[in-house]
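Next comes work.cif, with mmCIF, C-alpha atoms.
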data_my_file
loop_
_atom_site.label_atom_id
_atom_site.label_comp_id
_atom_site.auth_asym_id
_atom_site.auth_seq_id
_atom_site.Cartn_x
_atom_site.Cartn_y
_atom_site.Cartn_z
CA MET A 1 108.35 124.93 98.49
CA HIS A 2 105.61 124.28 101.03
CA TYR A 3 103.68 121.08 100.48
CA THR A 4 99.96 120.67 101.12
CA GLU A 5 99.73 116.87 101.15
CA ILE A 6 101.91 113.79 101.37
CA MET A 7 101.06 110.79 99.21
CA VAL A 8 102.19 107.49 100.67
CA ARG A 9 103.01 104.42 98.60
CA TYR A 10 102.53 101.14 100.42
CA GLY A 11 105.31 98.63 101.03
CA GLU A 12 104.99 94.85 101.35
CA LEU A 13 101.31 95.07 102.24
CA SER A 14 100.57 95.63 98.56
CA THR A 15 101.24 91.89 98.06
CA LYS A 16 98.94 90.65 100.81
CA GLY A 17 95.95 89.64 98.66
CA LYS A 18 92.70 89.19 100.55
CA ASN A 19 94.19 90.71 103.71
CA ARG A 20 95.12 93.92 101.92
CA LYS A 21 92.20 95.92 103.36
CA ASP A 22 93.14 94.95 106.91
CA PHE A 23 96.77 95.96 106.35
CA ILE A 24 95.76 99.32 104.85
CA ARG A 25 93.30 99.99 107.67
CA GLN A 26 95.99 99.22 110.28
CA LEU A 27 98.52 101.46 108.56
CA GLY A 28 95.99 104.28 108.60
CA ARG A 29 95.50 103.82 112.35
CA ASN A 30 99.26 103.80 112.92
CA VAL A 31 99.81 106.98 110.91
CA ARG A 32 97.07 108.77 112.84
CA ALA A 33 98.63 107.61 116.12
CA VAL A 34 102.14 108.89 115.37
CA LEU A 35 100.77 112.20 114.04
CA HIS A 36 98.64 112.87 117.12
CA ARG A 37 100.57 116.08 117.83
CA PHE A 38 99.36 117.59 114.54
CA PRO A 39 95.62 118.16 115.09
CA ARG A 40 94.93 119.63 111.63
CA VAL A 41 96.33 116.65 109.74
CA GLU A 42 93.79 114.43 107.96
CA VAL A 43 94.66 110.85 107.01
CA LYS A 44 92.79 108.88 104.34
CA ALA A 45 93.91 105.31 103.70
CA GLN A 46 92.71 104.27 100.25
CA ARG A 47 93.21 101.18 98.14
CA ASP A 48 96.13 102.45 96.09
CA ARG A 49 97.64 105.19 98.27
CA LEU A 50 97.44 106.74 101.70
CA HIS A 51 96.92 110.51 101.66
CA VAL A 52 98.00 112.84 104.45
CA ALA A 53 96.45 116.32 104.10
CA LEU A 54 98.60 118.78 106.06
CA ASN A 55 96.10 121.66 106.33
CA GLY A 56 98.87 124.06 107.30
CA GLU A 57 100.91 121.76 109.55
CA ASP A 58 104.72 121.72 109.21
CA ASP A 59 105.46 119.51 106.19
CA GLN A 60 109.06 118.68 107.16
CA LYS A 61 108.13 117.59 110.70
CA VAL A 62 105.34 115.37 109.40
CA ILE A 63 107.60 113.86 106.72
CA SER A 64 110.28 113.11 109.33
CA ILE A 65 107.77 111.18 111.45
CA LEU A 66 106.26 109.30 108.51
CA GLN A 67 109.71 108.08 107.45
CA GLY A 68 109.75 105.90 110.56
CA VAL A 69 106.34 104.28 110.08
CA PHE A 70 106.53 100.62 109.06
CA GLY A 71 104.47 99.69 106.01
CA ILE A 72 105.44 102.83 104.08
CA GLU A 73 107.65 102.27 101.04
CA THR A 74 107.92 105.83 99.69
CA LEU A 75 106.58 109.30 100.39
CA TYR A 76 105.68 111.86 97.75
CA PRO A 77 105.32 115.37 99.22
CA SER A 78 102.73 117.08 97.02
CA ILE A 79 101.08 120.39 96.24
CA ARG A 80 97.35 120.52 95.63
CA VAL A 81 96.12 123.12 93.15
CA GLU A 82 92.81 123.84 91.50
CA LYS A 83 91.90 122.21 88.17
CA ASP A 84 93.17 125.13 86.14
CA MET A 85 95.88 124.26 83.61
CA ALA A 86 97.45 127.70 83.95
CA VAL A 87 97.98 127.09 87.67
CA VAL A 88 99.13 123.51 87.08
CA LYS A 89 101.68 124.70 84.49
CA GLN A 90 103.13 127.32 86.85
CA THR A 91 103.41 124.80 89.71
CA ALA A 92 105.11 122.19 87.53
CA LEU A 93 107.56 124.82 86.27
CA GLN A 94 108.34 125.96 89.81
CA MET A 95 109.06 122.37 90.88
CA ALA A 96 111.34 121.79 87.92
CA LYS A 97 113.22 125.06 88.47
CA GLU A 98 113.85 124.31 92.16
CA GLN A 99 115.51 120.99 91.33
CA TYR A 100 117.16 121.70 88.00
CA HIS A 101 120.94 121.75 87.52
CA THR A 102 122.62 122.44 84.19
CA GLY A 103 122.30 119.59 81.71
CA GLU A 104 119.71 117.60 83.63
CA THR A 105 116.65 115.88 82.17
CA PHE A 106 113.01 115.64 83.23
CA LYS A 107 109.80 113.75 82.69
CA ILE A 108 106.10 114.46 83.33
CA ASN A 109 104.09 111.44 84.50
CA THR A 110 100.32 111.94 84.80
CA ARG A 111 97.58 109.81 86.35
CA ARG A 112 93.97 110.84 85.84
CA GLN A 113 91.44 109.65 88.41
CA ASP A 114 88.89 112.26 87.29
CA LYS A 115 87.94 110.96 83.85
CA HIS A 116 85.79 114.07 83.24
CA PHE A 117 88.77 116.42 83.35
CA GLU A 118 89.03 118.31 80.06
CA TYR A 119 92.49 116.96 79.15
CA HIS A 120 93.49 113.32 78.96
CA THR A 121 96.77 111.94 80.29
CA ASN A 122 98.96 112.36 77.21
CA GLN A 123 97.68 115.87 76.60
CA ILE A 124 98.60 116.88 80.15
CA ASN A 125 102.07 115.35 79.76
CA ASN A 126 102.61 117.26 76.51
CA ILE A 127 101.24 120.59 77.75
CA LEU A 128 103.33 120.57 80.92
CA GLY A 129 106.41 119.17 79.20
CA ASP A 130 106.32 121.86 76.51
CA TYR A 131 105.88 124.59 79.12
CA VAL A 132 108.92 123.42 81.11
CA LEU A 133 111.04 123.14 77.94
CA GLU A 134 110.07 126.67 76.91
CA ASN A 135 110.96 128.22 80.26
CA ILE A 136 114.13 126.43 81.42
CA ASP A 137 117.21 126.81 79.22
CA GLY A 138 119.17 123.61 78.61
CA ILE A 139 116.70 121.16 80.11
CA SER A 140 115.72 118.12 78.02
CA VAL A 141 113.30 115.21 78.19
CA ASP A 142 114.27 111.66 79.18
CA VAL A 143 111.27 109.38 79.67
CA LYS A 144 113.28 106.36 80.88
CA HIS A 145 115.85 107.73 83.34
CA PRO A 146 115.02 111.37 84.11
CA ASP A 147 116.91 113.40 86.70
CA ILE A 148 113.67 115.15 87.63
CA ALA A 149 110.36 113.27 87.64
CA ILE A 150 107.26 115.40 88.10
CA ARG A 151 104.21 113.33 89.00
CA VAL A 152 100.75 114.76 88.34
CA GLU A 153 97.55 113.23 89.72
CA VAL A 154 94.21 114.60 88.59
CA ARG A 155 91.75 113.69 91.33
CA MET A 156 88.17 114.66 92.02
CA ASN A 157 89.20 117.32 94.54
CA GLY A 158 92.07 118.90 92.62
CA VAL A 159 95.37 118.35 90.85
CA PHE A 160 98.30 117.09 92.92
CA LEU A 161 101.91 117.58 91.81
CA SER A 162 105.04 116.03 93.33
CA SER A 163 108.67 115.78 92.30
CA GLU A 164 110.44 114.50 95.41
CA THR A 165 110.67 110.83 96.40
CA ILE A 166 111.49 110.03 100.03
CA HIS A 167 112.14 106.46 101.15
CA GLY A 168 110.13 105.12 104.08
CA ALA A 169 110.91 102.40 106.61
CA GLY A 170 109.37 99.54 104.58
CA GLY A 171 108.26 96.44 106.46
CA LEU A 172 104.72 95.74 107.62
CA PRO A 173 102.33 97.95 109.61
CA VAL A 174 102.74 97.39 113.34
CA GLY A 175 99.77 95.35 114.56
CA THR A 176 99.41 93.15 111.49
CA GLY A 177 101.92 90.59 112.80
CA GLY A 178 100.22 89.91 116.12
CA ARG A 179 101.14 91.08 119.61
CA ALA A 180 104.09 90.06 121.78
CA THR A 181 106.19 91.26 124.69
CA MET A 182 109.82 92.41 124.74
CA MET A 183 112.19 91.90 127.66
CA LEU A 184 113.71 95.38 127.64
CA SER A 185 116.93 96.03 129.53
CA GLY A 186 118.68 99.37 129.34
CA GLY A 187 121.36 98.22 126.91
CA ILE A 188 121.99 98.46 123.19
CA ASP A 189 120.52 95.15 122.06
CA SER A 190 116.90 94.93 123.21
CA PRO A 191 115.81 98.27 121.66
CA VAL A 192 117.22 97.10 118.31
CA ALA A 193 115.40 93.77 118.68
CA THR A 194 112.21 95.74 119.40
CA TYR A 195 112.68 97.78 116.23
CA LEU A 196 113.18 94.65 114.11
CA ALA A 197 110.13 92.95 115.64
CA MET A 198 108.01 96.02 114.91
CA LYS A 199 109.30 96.07 111.34
CA ARG A 200 107.67 92.67 110.80
CA GLY A 201 104.35 94.05 112.01
CA VAL A 202 104.46 92.92 115.65
CA LYS A 203 102.80 95.12 118.28
CA ILE A 204 105.14 95.16 121.29
CA ASP A 205 104.47 95.54 125.02
CA MET A 206 107.66 96.26 126.99
CA ILE A 207 108.61 94.29 130.11
CA HIS A 208 111.34 95.87 132.23
CA PHE A 209 112.73 94.33 135.42
CA TYR A 210 114.01 96.76 138.04
CA SER A 211 115.67 96.14 141.40
CA PRO A 212 115.71 99.16 143.71
CA PRO A 213 117.84 100.15 145.56
CA TYR A 214 120.45 98.29 143.46
CA THR A 215 119.10 99.94 140.31
CA SER A 216 118.34 103.66 140.30
CA GLU A 217 115.37 105.77 139.29
CA GLN A 218 117.55 107.03 136.43
CA ALA A 219 117.88 103.47 135.10
CA LEU A 220 114.10 103.08 135.13
CA ASN A 221 113.60 106.43 133.40
CA LYS A 222 116.21 105.45 130.81
CA ALA A 223 114.19 102.33 129.93
CA LYS A 224 111.04 104.45 129.64
CA GLN A 225 112.85 106.95 127.44
CA LEU A 226 114.04 104.16 125.15
CA THR A 227 110.41 103.05 124.90
CA SER A 228 109.36 106.60 124.02
CA VAL A 229 111.93 106.70 121.20
CA LEU A 230 110.71 103.35 119.85
CA ALA A 231 107.07 104.47 120.09
CA LYS A 232 107.61 106.76 117.12
CA TYR A 233 107.70 103.62 114.96
CA SER A 234 104.43 102.18 116.29
CA GLY A 235 102.41 104.64 118.34
CA ASN A 236 101.85 104.24 122.08
CA ILE A 237 103.61 101.36 123.87
CA GLN A 238 102.58 99.73 127.14
CA PHE A 239 105.57 99.75 129.54
CA ILE A 240 105.35 97.07 132.25
CA GLN A 241 107.81 97.46 135.13
CA VAL A 242 108.37 94.34 137.23
CA PRO A 243 109.91 94.51 140.74
CA PHE A 244 112.80 92.06 140.86
CA THR A 245 114.74 92.95 144.03
CA GLU A 246 113.47 90.15 146.28
CA ILE A 247 113.98 87.55 143.57
CA GLN A 248 117.57 88.62 142.92
CA GLU A 249 118.41 88.74 146.63
CA THR A 250 116.91 85.28 147.18
CA ILE A 251 118.79 83.78 144.23
CA LYS A 252 122.07 85.33 145.39
CA GLU A 253 121.54 83.91 148.87
CA LYS A 254 120.52 80.36 147.93
CA VAL A 255 121.91 79.45 144.49
CA PRO A 256 125.55 78.49 143.75
CA GLU A 257 127.48 81.41 142.25
CA GLY A 258 128.10 79.85 138.84
CA TYR A 259 124.35 79.43 138.28
CA LEU A 260 123.19 82.83 139.55
CA MET A 261 122.82 84.22 136.04
CA THR A 262 121.05 81.14 134.69
CA ILE A 263 118.47 80.98 137.49
CA GLN A 264 117.94 84.72 137.34
CA ARG A 265 117.24 84.54 133.59
CA ARG A 266 114.93 81.55 134.09
CA MET A 267 112.91 83.58 136.59
CA MET A 268 112.79 86.57 134.26
CA LEU A 269 111.50 84.42 131.41
CA ARG A 270 108.96 82.66 133.66
CA ILE A 271 107.53 86.02 134.72
CA ALA A 272 107.66 87.47 131.20
CA ALA A 273 105.86 84.41 129.80
CA GLU A 274 103.15 84.65 132.47
CA ILE A 275 102.61 88.36 131.80
CA THR A 276 102.55 87.63 128.07
CA LYS A 277 99.88 84.97 128.55
CA ASN A 278 97.81 87.21 130.84
CA ARG A 279 97.87 89.99 128.22
CA HIS A 280 96.79 87.59 125.45
CA CYS A 281 100.07 88.05 123.57
CA THR A 282 101.61 85.15 121.68
CA GLY A 283 105.39 85.38 122.12
CA VAL A 284 108.32 86.85 124.03
CA PHE A 285 111.08 88.74 122.24
CA THR A 286 114.57 89.24 123.68
CA GLY A 287 117.70 91.10 122.60
CA GLU A 288 119.98 88.08 122.86
CA ALA A 289 122.70 87.51 120.26
CA LEU A 290 124.41 84.14 120.11
CA GLY A 291 127.74 84.01 121.95
CA GLN A 292 127.77 87.66 122.97
CA VAL A 293 127.82 87.03 126.75
CA ALA A 294 127.82 84.01 129.05
CA SER A 295 124.03 83.75 129.20
CA GLN A 296 123.72 83.77 125.41
CA THR A 297 125.30 80.46 124.44
CA LEU A 298 123.14 77.72 122.96
CA GLU A 299 123.48 75.74 126.19
CA SER A 300 122.35 78.74 128.24
CA MET A 301 119.42 79.39 125.93
CA LEU A 302 118.37 75.75 126.28
CA ALA A 303 118.51 75.96 130.08
CA ILE A 304 116.59 79.25 130.15
CA ASN A 305 113.94 78.37 127.53
CA ASP A 306 113.12 75.25 129.55
CA VAL A 307 110.72 77.23 131.77
CA THR A 308 108.12 77.97 129.07
CA ASN A 309 106.60 76.49 125.93
CA MET A 310 105.77 79.96 124.64
CA PRO A 311 107.75 81.10 121.56
CA VAL A 312 110.91 82.97 122.58
CA LEU A 313 112.05 85.06 119.61
CA ARG A 314 115.54 86.50 119.18
CA PRO A 315 115.83 88.81 116.14
CA LEU A 316 119.52 89.52 116.82
CA VAL A 317 120.62 85.92 117.29
CA SER A 318 123.09 85.85 114.35
CA MET A 319 124.14 89.50 114.30
CA ASP A 320 127.55 90.93 115.20
CA LYS A 321 127.76 93.66 117.82
CA THR A 322 128.91 96.15 115.18
CA GLU A 323 125.77 95.45 113.13
CA ILE A 324 123.58 95.94 116.19
CA ILE A 325 125.30 99.21 117.10
CA LYS A 326 124.86 100.50 113.55
CA ILE A 327 121.10 99.95 113.69
CA SER A 328 120.97 101.41 117.21
CA LYS A 329 122.49 104.64 115.93
CA GLN A 330 120.16 104.72 112.93
CA ILE A 331 117.02 104.40 115.05
CA GLY A 332 118.11 106.90 117.70
CA THR A 333 118.54 104.62 120.73
CA TYR A 334 122.34 104.31 120.93
CA ASP A 335 123.14 107.44 122.95
CA LEU A 336 120.49 106.53 125.51
CA SER A 337 121.60 102.89 125.67
CA ILE A 338 125.18 103.76 126.61
CA MET A 339 124.18 106.01 129.52
CA PRO A 340 125.95 104.42 132.53
CA PHE A 341 123.02 103.43 134.74
CA GLU A 342 123.08 99.83 135.97
CA ASP A 343 120.10 97.62 135.25
CA CYS A 344 119.19 94.39 136.99
CA CYS A 345 121.04 92.35 134.36
CA THR A 346 124.37 93.87 135.42
CA ILE A 347 124.07 93.72 139.21
CA PHE A 348 125.02 90.58 141.16
CA THR A 349 126.93 89.33 138.12
CA PRO A 350 129.24 86.46 139.23
CA PRO A 351 132.92 86.64 138.23
CA ALA A 352 132.71 83.28 136.42
CA PRO A 353 129.15 82.51 135.26
CA LYS A 354 128.49 79.15 133.64
CA THR A 355 128.63 79.44 129.86
CA LYS A 356 127.34 75.87 129.43
CA PRO A 357 124.92 75.35 132.30
CA ASN A 358 123.56 71.86 132.74
CA LEU A 359 119.80 71.73 132.30
CA GLN A 360 119.17 69.21 135.07
CA ARG A 361 121.34 71.09 137.56
CA SER A 362 119.58 74.34 136.62
CA ARG A 363 116.27 72.73 137.54
CA GLU A 364 117.70 71.41 140.81
CA PHE A 365 119.18 74.76 141.86
CA GLU A 366 115.92 76.52 141.02
CA ASN A 367 114.21 74.29 143.58
CA TYR A 368 116.28 76.07 146.25
CA ILE A 369 113.89 79.03 145.93
CA ASP A 370 110.10 79.33 146.17
CA VAL A 371 109.45 79.99 142.49
CA ALA A 372 105.66 80.20 142.69
CA ASP A 373 105.56 82.63 145.63
CA LEU A 374 108.26 84.92 144.24
CA MET A 375 106.54 85.01 140.84
CA LYS A 376 103.15 85.72 142.40
CA LYS A 377 104.45 88.68 144.42
CA ALA A 378 106.35 90.17 141.47
CA ILE A 379 103.36 89.95 139.11
CA GLU A 380 100.99 91.38 141.73
CA HIS A 381 103.15 94.51 141.98
CA ILE A 382 103.78 95.29 138.32
CA GLN A 383 103.13 98.86 137.20
CA ILE A 384 101.97 99.74 133.69
CA THR A 385 102.62 103.05 131.92
CA ASP A 386 101.20 104.02 128.53
CA ILE A 387 104.13 105.72 126.79
CA LYS A 388 103.58 108.05 123.85
CA PRO A 389 106.02 108.90 121.03
CA GLY A 390 108.36 111.71 122.06
CA GLU A 391 107.38 111.64 125.74
CA GLU A 392 110.22 112.83 128.00
CA PHE A 393 111.46 110.93 131.05
CA MET A 394 115.15 111.91 131.18
CA ASN A 395 115.01 115.70 131.66
CA GLN A 396 115.72 115.47 135.35
CA ASP A 397 118.55 113.02 134.70
CA ALA A 398 120.44 115.14 132.16
CA ASP A 399 122.50 116.93 134.80
CA VAL A 400 123.26 113.64 136.54
CA PHE A 401 124.54 112.15 133.29
CA ALA A 402 126.64 115.23 132.54
CA GLU A 403 128.39 114.82 135.89
CA LEU A 404 129.26 111.21 135.03
CA LEU A 405 131.07 112.14 131.82
#
Show this structure as structure tokens.
Amino acid sequence: MHYTEIMVRYGELSTKGKNRKDFIRQLGRNVRAVLHRFPRVEVKAQRDRLHVALNGEDDQKVISILQGVFGIETLYPSIRVEKDMAVVKQTALQMAKEQYHTGETFKINTRRQDKHFEYHTNQINNILGDYVLENIDGISVDVKHPDIAIRVEVRMNGVFLSSETIHGAGGLPVGTGGRATMMLSGGIDSPVATYLAMKRGVKIDMIHFYSPPYTSEQALNKAKQLTSVLAKYSGNIQFIQVPFTEIQETIKEKVPEGYLMTIQRRMMLRIAAEITKNRHCTGVFTGEALGQVASQTLESMLAINDVTNMPVLRPLVSMDKTEIIKISKQIGTYDLSIMPFEDCCTIFTPPAPKTKPNLQRSREFENYIDVADLMKKAIEHIQITDIKPGEEFMNQDADVFAELL
């Protein structure tokens, strides 16, 4: 069955009171952004539902994309027909037949927006219900727990029928929870943290540190590809690449080995916080999970957070690695994340990093380097790429990866 429209039921935003209009308007913008590759699609965000008119576009491809949009609770793929009860009856029967298995039950549920339509709600339910009963052997009615629920909406521009319910991503529309940055490595954790931040309505700008020649072009493209995958949940994402080679070399040369990781992370957060402030964002997200590695103990977080008073948000802080991996696979970032290209978090790693760095000593060792000058040069040379959903960056690297397996 080829659908003509998809009706969208809102998620949490339906509880947002006076802000409801803003949430609905933002969701409409987000849906249009992720469906930019379908030029014939029309999106209308209304008070009770959001309507996506397909106008001949591929229904399954559009549904697949909409399932990842935050703020959508459920999708109802629908068929629009003229206001002719003979046509409505045939369409309802076809829907029931396509889903029916022996012994199952059904229900007709009608809403009538067009109050001038010749039949009222109960009449439509009875007419369609009787027609299905007459034409499908063995089917019966169950109004409380039906196996097949056929929804009928009589609107001003036609009658819309649906019988399939598809669950959406839930959460809040991206952009309704403010704007923040994400410190994106190339690993498993930070893409999952990005996904969870977006689910709470936060618009994310990516910050990625790279250190050529110690990190490769493939590692940079991998981070961009991860951003492209995540963009399907929010629309375009700004990808900010920060040169970090000189900073890492200077830290390695001047800072005691046990504190290399701590000072490096302090510099990363300093730069990220400055970029965040310059872009008028209000927080920095990271993919840190408590106790997972040496730099993710409470003592390390205290020593690293010391460099900024900006909120540093860690959605994964209490999650196990297995939980993080499960989400990574669900959202489509896992296979990319495990590609073996080193990022700047894995180079120059000391054999015995401090798991409980002293805050005062961290400050003292940081004075061994010219923090202000190094920060200034790094920020002056950032590069920004606007990354679209589905954009490809790894094609040239596929053969390289195959050789590594």
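Here CA of Ile124 in chain A stands at a distance of 28.5 Å from CA of Gly11 in chain A.
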query: So which residues get picked by the PyMOL selection byres ((chain A and resi 159) around 9) here, written as an MDAnalysis selection string?
result: chainID A and resid 79:84 88 152:158 160:161
message: Excluding Gly138 in chain A and its own-chain neighbours fewer than 4 positions away, which residues fall within 8 Å of it when counting all atoms listed in the file? Please give them as a PyMOL selection string.
response: chain A and resi 102-104
Surrounding residues of Met261 in chain A excluding itself and chain neighbours under 3 positions, 7 Å, all atoms listed in the file, as a PDB file with C-alpha atoms, keeping the file's coordinate frame:
ATOM      1  CA  GLN A 264     117.940  84.720 137.340  1.00  0.00           C
ATOM      2  CA  ARG A 265     117.240  84.540 133.590  1.00  0.00           C
ATOM      3  CA  SER A 295     124.030  83.750 129.200  1.00  0.00           C
ATOM      4  CA  THR A 349     126.930  89.330 138.120  1.00  0.00           C
ATOM      5  CA  PRO A 353     129.150  82.510 135.260  1.00  0.00           C
TER       6      PRO A 353
END
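Across the model, the gap from CA of Phe348 in chain A to CA of Ala180 in chain A is 28.5 Å.
If you look at CA of Thr333 in chain A and CA of Lys222 in chain A, they are 10.4 Å away from each other.
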task: Please write as a PyMOL selection string the full residue list that the PyMOL selection byres ((chain A and resi 235) around 9) yields on this file.
output: chain A and resi 30-35+174+230-234+236-237+387-389
Would you mind exporting the chosen residues as a PDB file, keeping the file's coordinate frame, restricted to C-alpha atoms?
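File again.pdb, as written:
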ATOM      1  CA  ASN A  30      99.260 103.800 112.920  1.00  0.00           C
ATOM      2  CA  VAL A  31      99.810 106.980 110.910  1.00  0.00           C
ATOM      3  CA  ARG A  32      97.070 108.770 112.840  1.00  0.00           C
ATOM      4  CA  ALA A  33      98.630 107.610 116.120  1.00  0.00           C
ATOM      5  CA  VAL A  34     102.140 108.890 115.370  1.00  0.00           C
ATOM      6  CA  LEU A  35     100.770 112.200 114.040  1.00  0.00           C
ATOM      7  CA  VAL A 174     102.740  97.390 113.340  1.00  0.00           C
ATOM      8  CA  LEU A 230     110.710 103.350 119.850  1.00  0.00           C
ATOM      9  CA  ALA A 231     107.070 104.470 120.090  1.00  0.00           C
ATOM     10  CA  LYS A 232     107.610 106.760 117.120  1.00  0.00           C
ATOM     11  CA  TYR A 233     107.700 103.620 114.960  1.00  0.00           C
ATOM     12  CA  SER A 234     104.430 102.180 116.290  1.00  0.00           C
ATOM     13  CA  ASN A 236     101.850 104.240 122.080  1.00  0.00           C
ATOM     14  CA  ILE A 237     103.610 101.360 123.870  1.00  0.00           C
ATOM     15  CA  ILE A 387     104.130 105.720 126.790  1.00  0.00           C
ATOM     16  CA  LYS A 388     103.580 108.050 123.850  1.00  0.00           C
ATOM     17  CA  PRO A 389     106.020 108.900 121.030  1.00  0.00           C
TER      18      PRO A 389
END
Evaluated on this file, the PyMOL selection byres ((chain A and resi 121) around 12) picks out some residues - which ones are they, written as a PDB file with C-alpha atoms, keeping the file's coordinate frame?
ATOM      1  CA  ILE A 108     106.100 114.460  83.330  1.00  0.00           C
ATOM      2  CA  ASN A 109     104.090 111.440  84.500  1.00  0.00           C
ATOM      3  CA  THR A 110     100.320 111.940  84.800  1.00  0.00           C
ATOM      4  CA  ARG A 111      97.580 109.810  86.350  1.00  0.00           C
ATOM      5  CA  ARG A 112      93.970 110.840  85.840  1.00  0.00           C
ATOM      6  CA  GLN A 113      91.440 109.650  88.410  1.00  0.00           C
ATOM      7  CA  ASP A 114      88.890 112.260  87.290  1.00  0.00           C
ATOM      8  CA  LYS A 115      87.940 110.960  83.850  1.00  0.00           C
ATOM      9  CA  HIS A 116      85.790 114.070  83.240  1.00  0.00           C
ATOM     10  CA  PHE A 117      88.770 116.420  83.350  1.00  0.00           C
ATOM     11  CA  GLU A 118      89.030 118.310  80.060  1.00  0.00           C
ATOM     12  CA  TYR A 119      92.490 116.960  79.150  1.00  0.00           C
ATOM     13  CA  HIS A 120      93.490 113.320  78.960  1.00  0.00           C
ATOM     14  CA  ASN A 122      98.960 112.360  77.210  1.00  0.00           C
ATOM     15  CA  GLN A 123      97.680 115.870  76.600  1.00  0.00           C
ATOM     16  CA  ILE A 124      98.600 116.880  80.150  1.00  0.00           C
ATOM     17  CA  ASN A 125     102.070 115.350  79.760  1.00  0.00           C
ATOM     18  CA  ASN A 126     102.610 117.260  76.510  1.00  0.00           C
ATOM     19  CA  ILE A 127     101.240 120.590  77.750  1.00  0.00           C
ATOM     20  CA  LEU A 128     103.330 120.570  80.920  1.00  0.00           C
ATOM     21  CA  ARG A 151     104.210 113.330  89.000  1.00  0.00           C
ATOM     22  CA  VAL A 152     100.750 114.760  88.340  1.00  0.00           C
ATOM     23  CA  GLU A 153      97.550 113.230  89.720  1.00  0.00           C
ATOM     24  CA  VAL A 154      94.210 114.600  88.590  1.00  0.00           C
TER      25      VAL A 154
END
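Nearest-residue note for Cys281 in chain A: choosing from A:Met206, A:Met268, A:Met339, A:Val293, the minimum distance belongs to A:Met206, counting all atoms listed in the file.
Comparing A:Met198, A:Ile369, A:Ile379, A:Ile65 by their smallest distance to Glu253 in chain A, the closest is A:Ile369 (using only C-alpha atoms).
Closest approach to Thr286 in chain A among A:Leu269, A:Ile324, A:Ala372, A:Met394: A:Leu269, based on all atoms listed in the file.
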task: Select all residues near (122.9, 103.6, 127.2) (cut-off 12 Å, inclusive, file coordinates), counting all atoms listed in the file, and output them as JSON, numbers by chain.
output: {"A": [185, 186, 187, 188, 189, 190, 191, 218, 219, 220, 221, 222, 223, 225, 226, 325, 328, 329, 332, 333, 334, 335, 336, 337, 338, 339, 340, 341, 342, 343, 401]}
Pull out range 337-349 of chain A, keep N, CA and C atoms, and write it as a PDB file, in the first residue's frame.
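Below is the file that was written, decode.pdb:
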ATOM      1  N   SER A 337      32.727   4.329  14.774  1.00  0.00           N
ATOM      2  CA  SER A 337      33.516   4.637  15.970  1.00  0.00           C
ATOM      3  C   SER A 337      34.664   3.663  16.186  1.00  0.00           C
ATOM      4  N   ILE A 338      34.491   2.411  15.784  1.00  0.00           N
ATOM      5  CA  ILE A 338      35.541   1.413  16.030  1.00  0.00           C
ATOM      6  C   ILE A 338      36.560   1.337  14.895  1.00  0.00           C
ATOM      7  N   MET A 339      36.418   2.176  13.872  1.00  0.00           N
ATOM      8  CA  MET A 339      37.440   2.208  12.827  1.00  0.00           C
ATOM      9  C   MET A 339      38.758   2.664  13.443  1.00  0.00           C
ATOM     10  N   PRO A 340      39.861   1.941  13.166  1.00  0.00           N
ATOM     11  CA  PRO A 340      41.116   2.118  13.925  1.00  0.00           C
ATOM     12  C   PRO A 340      41.980   3.287  13.464  1.00  0.00           C
ATOM     13  N   PHE A 341      41.435   4.501  13.540  1.00  0.00           N
ATOM     14  CA  PHE A 341      42.231   5.686  13.242  1.00  0.00           C
ATOM     15  C   PHE A 341      42.450   6.442  14.542  1.00  0.00           C
ATOM     16  N   GLU A 342      43.705   6.731  14.880  1.00  0.00           N
ATOM     17  CA  GLU A 342      43.999   7.397  16.143  1.00  0.00           C
ATOM     18  C   GLU A 342      43.519   8.843  16.130  1.00  0.00           C
ATOM     19  N   ASP A 343      42.954   9.270  17.269  1.00  0.00           N
ATOM     20  CA  ASP A 343      42.631  10.684  17.422  1.00  0.00           C
ATOM     21  C   ASP A 343      43.580  11.289  18.444  1.00  0.00           C
ATOM     22  N   CYS A 344      43.461  12.587  18.678  1.00  0.00           N
ATOM     23  CA  CYS A 344      44.446  13.247  19.533  1.00  0.00           C
ATOM     24  C   CYS A 344      44.311  12.857  21.002  1.00  0.00           C
ATOM     25  N   CYS A 345      43.222  12.171  21.356  1.00  0.00           N
ATOM     26  CA  CYS A 345      43.072  11.695  22.737  1.00  0.00           C
ATOM     27  C   CYS A 345      43.881  10.425  22.996  1.00  0.00           C
ATOM     28  N   THR A 346      44.298   9.755  21.926  1.00  0.00           N
ATOM     29  CA  THR A 346      44.998   8.477  22.092  1.00  0.00           C
ATOM     30  C   THR A 346      46.493   8.579  21.820  1.00  0.00           C
ATOM     31  N   ILE A 347      46.943   9.696  21.226  1.00  0.00           N
ATOM     32  CA  ILE A 347      48.381   9.849  21.008  1.00  0.00           C
ATOM     33  C   ILE A 347      49.016  10.490  22.240  1.00  0.00           C
ATOM     34  N   PHE A 348      50.300  10.256  22.426  1.00  0.00           N
ATOM     35  CA  PHE A 348      51.060  10.793  23.560  1.00  0.00           C
ATOM     36  C   PHE A 348      50.478  10.367  24.908  1.00  0.00           C
ATOM     37  N   THR A 349      49.776   9.235  24.931  1.00  0.00           N
ATOM     38  CA  THR A 349      49.195   8.771  26.194  1.00  0.00           C
ATOM     39  C   THR A 349      50.293   8.191  27.075  1.00  0.00           C
TER      40      THR A 349
END
